[in-house]
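Okay, so here's the structure we're looking at.
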Amino acid sequence: MAIRPSRKMDQVLLVEGDDDFHVLAALCRHQGIPESFEIIKKGGYEALRDGLSNEIKSPGRRTLGIVIDADQDIAARWQSLAGASAKAGVTLPATPDPAGTIVETPGSPRVGVWLMPDNRTTGMLEDFVAFLVPEGDALFSRATDTITAIPADLRRFSEIHATKATIHTWLAWQDEPGRPMGQAVTKRILDPDCSQAAAFALWLRRLFG
């Protein structure tokens with residue numbers, strides 16, 4: 001998992017943005033994932049989806065991993081991605097694999113997909129990060145209560161972003177307030193050994209071998 005650009009680009013993990021890049025890079029370092037692939041930021045889901053056919057067809061590409069947010073409708077997001085991959089001749093299964101999807105298509109690279117947070121539920125990167133909060137953390141419970149207690153007429157974030165607001169509130173209450181999520185993984189403020197982190201790491205190992 002090389003952080004710097006590589007000349008090969010035969011194994012690539014596509015992510016939506018900066019936070020995904022830094023959280024997953026930190027998690028890979030901690031889990032000891034071999035540095036056999038590039039993490040590439042695509043600037044959002046739409047850019048990733050629209051460029052997916054070219055990524056699949058990239059000359060010499062052996063493996064392509066995709067990490068995207070399930071967002072508010074996991075079925076719609078999956079259908080959207082499946083439609084984009086089908087244009088390049090790669091058919092995804094009807095529903096995502098709870099352990100992380102991996103498909104083998106003759107003449108195409110191996111393709112893997114992880115829908116944040118857990119391939120089962122709606123949400124995004126921050127919902128995955130919430131799994132990494134140490135179990136029983138009293139400050140996280142307080143942050144959750146604080147966000148929940150904000151009256152509807154004062155909320156400036158949508159419901160889908162409630163966990164995002166909670167995570168960043170919780171990070172603002174640590175010894176170095178406002179530390180980015182990737183750094184929080186590196187510093188072990190977040191637990192990179194929890195079961196969900198291990199499940200994600202296992203998917204990466206299976207995908208990139």
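Starting from 1 in every chain, residues are counted up; chains themselves are A, B, ... following the order of the structure tokens, and ligands are numbered from 1 as listed.
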From the DSSP assignment of the backbone, select every residue of range 2-208 of chain A that is strand (DSSP E or B), and format the answer as a CSV table (one decimal) with C-alpha atoms, in the first residue's frame.
chain,number,residue,atom,x,y,z
A,2,ALA,CA,2.2,2.7,-1.3
A,11,GLN,CA,-3.0,-2.7,-8.1
A,12,VAL,CA,-5.1,0.2,-7.0
A,13,LEU,CA,-7.5,1.1,-4.3
A,14,LEU,CA,-9.9,3.9,-5.2
A,15,VAL,CA,-11.4,6.0,-2.4
A,38,GLU,CA,-1.8,2.4,-4.5
A,39,ILE,CA,-4.5,4.4,-2.7
A,40,ILE,CA,-6.0,7.0,-5.1
A,41,LYS,CA,-8.3,9.8,-4.1
A,63,THR,CA,-6.5,-5.6,-9.2
A,64,LEU,CA,-8.9,-2.8,-8.5
A,65,GLY,CA,-10.3,-2.1,-5.1
A,66,ILE,CA,-13.2,0.4,-4.5
A,67,VAL,CA,-14.2,1.9,-1.1
A,68,ILE,CA,-17.3,4.1,-1.2
A,69,ASP,CA,-19.9,5.3,1.2
A,71,ASP,CA,-24.8,6.9,1.9
A,101,THR,CA,-17.2,-8.1,-2.4
A,102,ILE,CA,-14.6,-9.6,-4.7
A,103,VAL,CA,-15.3,-10.7,-8.3
A,110,ARG,CA,-10.0,-8.7,-10.0
A,111,VAL,CA,-12.4,-6.1,-8.6
A,112,GLY,CA,-13.3,-5.6,-4.9
A,113,VAL,CA,-15.8,-3.3,-3.3
A,114,TRP,CA,-16.3,-2.2,0.3
A,115,LEU,CA,-19.4,-0.1,1.1
A,116,MET,CA,-18.8,2.0,4.1
A,123,GLY,CA,-23.7,5.4,6.3
Notebook entry, point to check: Any idea what's packed within 9 Å of Arg120 in chain A, counting only C-alpha atoms, ignoring anything in its chain fewer than 6 positions away? Could you give it as JSON, numbers by chain?
Noted result: {"A": [70, 74, 96, 97, 98]}
Saved selection, atoms kept: C-alpha atoms, as an mmCIF file, in the first residue's frame:
data_model
loop_
_atom_site.group_PDB
_atom_site.id
_atom_site.type_symbol
_atom_site.label_atom_id
_atom_site.label_comp_id
_atom_site.auth_asym_id
_atom_site.auth_seq_id
_atom_site.Cartn_x
_atom_site.Cartn_y
_atom_site.Cartn_z
ATOM 1 C CA ALA A 70 -23.245 3.485 1.166
ATOM 2 C CA ILE A 74 -27.336 1.207 0.092
ATOM 3 C CA PRO A 96 -22.841 -6.669 -1.651
ATOM 4 C CA ASP A 97 -21.021 -9.407 0.249
ATOM 5 C CA PRO A 98 -21.130 -8.574 3.986
#
Note to self: If DSSP is run on the backbone, what residues of range 53-200 of chain A are alpha helix (DSSP H)? A reply as a VMD selection string would be ideal.
What the structure shows: chain A and resid 53 to 56 74 to 86 125 to 131 138 to 148 162 to 172 181 to 186 195 to 200
Notebook entry, point to check: Which residue gives the smallest distance to Ile33 in chain A among A:Pro192, A:Gly51, A:Pro134, A:Gly209, with only C-alpha atoms counted?
Noted result: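 Nearest to Ile33 in chain A: A:Gly209.
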Item checked: Selected residue of minimal separation from Ala47 in chain A among A:Ala76, A:Cys28, A:Ala84, A:Ile160, counting only C-alpha atoms ->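 The closest residue to Ala47 in chain A is A:Ala84.
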Close residues, range 164-181 of chain A itself excluded, 6 Å, only C-alpha atoms, min 2 positions apart in chain, as a compact mmCIF listing (two decimals) with N, CA and C atoms, in the first residue's frame:
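Writing the result to part27.txt gives the following:
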# COMPACT_ATOMS: atom_id res chain seq x y z
N GLU A 126 -17.36 7.95 8.48
CA GLU A 126 -17.44 8.23 9.90
C GLU A 126 -18.21 7.17 10.67
N PHE A 140 -17.46 9.52 24.25
CA PHE A 140 -18.21 9.30 23.02
C PHE A 140 -19.70 9.27 23.30
N ALA A 143 -20.68 12.79 23.65
CA ALA A 143 -20.74 13.47 22.35
C ALA A 143 -22.01 13.08 21.60
N THR A 144 -22.36 11.79 21.67
CA THR A 144 -23.59 11.33 21.02
C THR A 144 -24.81 12.03 21.61
N HIS A 161 -25.56 12.74 8.40
CA HIS A 161 -24.28 13.25 8.89
C HIS A 161 -24.20 13.33 10.42
N ALA A 162 -25.18 12.75 11.10
CA ALA A 162 -25.19 12.83 12.57
C ALA A 162 -23.97 12.16 13.18
N GLN A 183 -4.89 10.51 11.84
CA GLN A 183 -3.93 10.65 12.94
C GLN A 183 -4.45 9.97 14.20
N ALA A 184 -5.76 10.03 14.40
CA ALA A 184 -6.34 9.39 15.57
C ALA A 184 -6.17 7.87 15.52
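Rounded to one decimal, CA of Phe21 in chain A and CA of Ser108 in chain A lie 25.0 Å from each other.
The spacing separating CA of Thr105 in chain A from CA of Phe208 in chain A amounts to 15.3 Å.
Compared by their closest atoms to Asp127 in chain A, and using only C-alpha atoms, the residues A:Ile189, A:Asp20, A:Ala75, A:Leu27 rank with A:Asp20 nearest.
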Next item on the list: Find, counting only C-alpha atoms, the residue in A:Leu52, A:Leu92, A:Leu125, A:Ala99 that gets nearest to Asp19 in chain A.
Entry: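 Counting only C-alpha atoms, the residue closest to Asp19 in chain A is A:Leu125.
Take the candidates A:Ser195, A:Thr91, A:Gln79, A:Asn54 and check each one against Val129 in chain A using only C-alpha atoms; the shortest distance goes to A:Ser195.
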Check: Quick one: residues within 9 Å of Ser53 in chain A, only C-alpha atoms counted, chain neighbours fewer than 6 positions away excluded, as an MDAnalysis selection string?
Finding: chainID A and resid 84:89
Margin query: Using only C-alpha atoms for the distances, tell me which of A:Arg77, A:His22, A:Lys187, A:His30 is nearest to Glu46 in chain A.
Written below: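 Nearest candidate to Glu46 in chain A out of A:Arg77, A:His22, A:Lys187, A:His30: A:Arg77.
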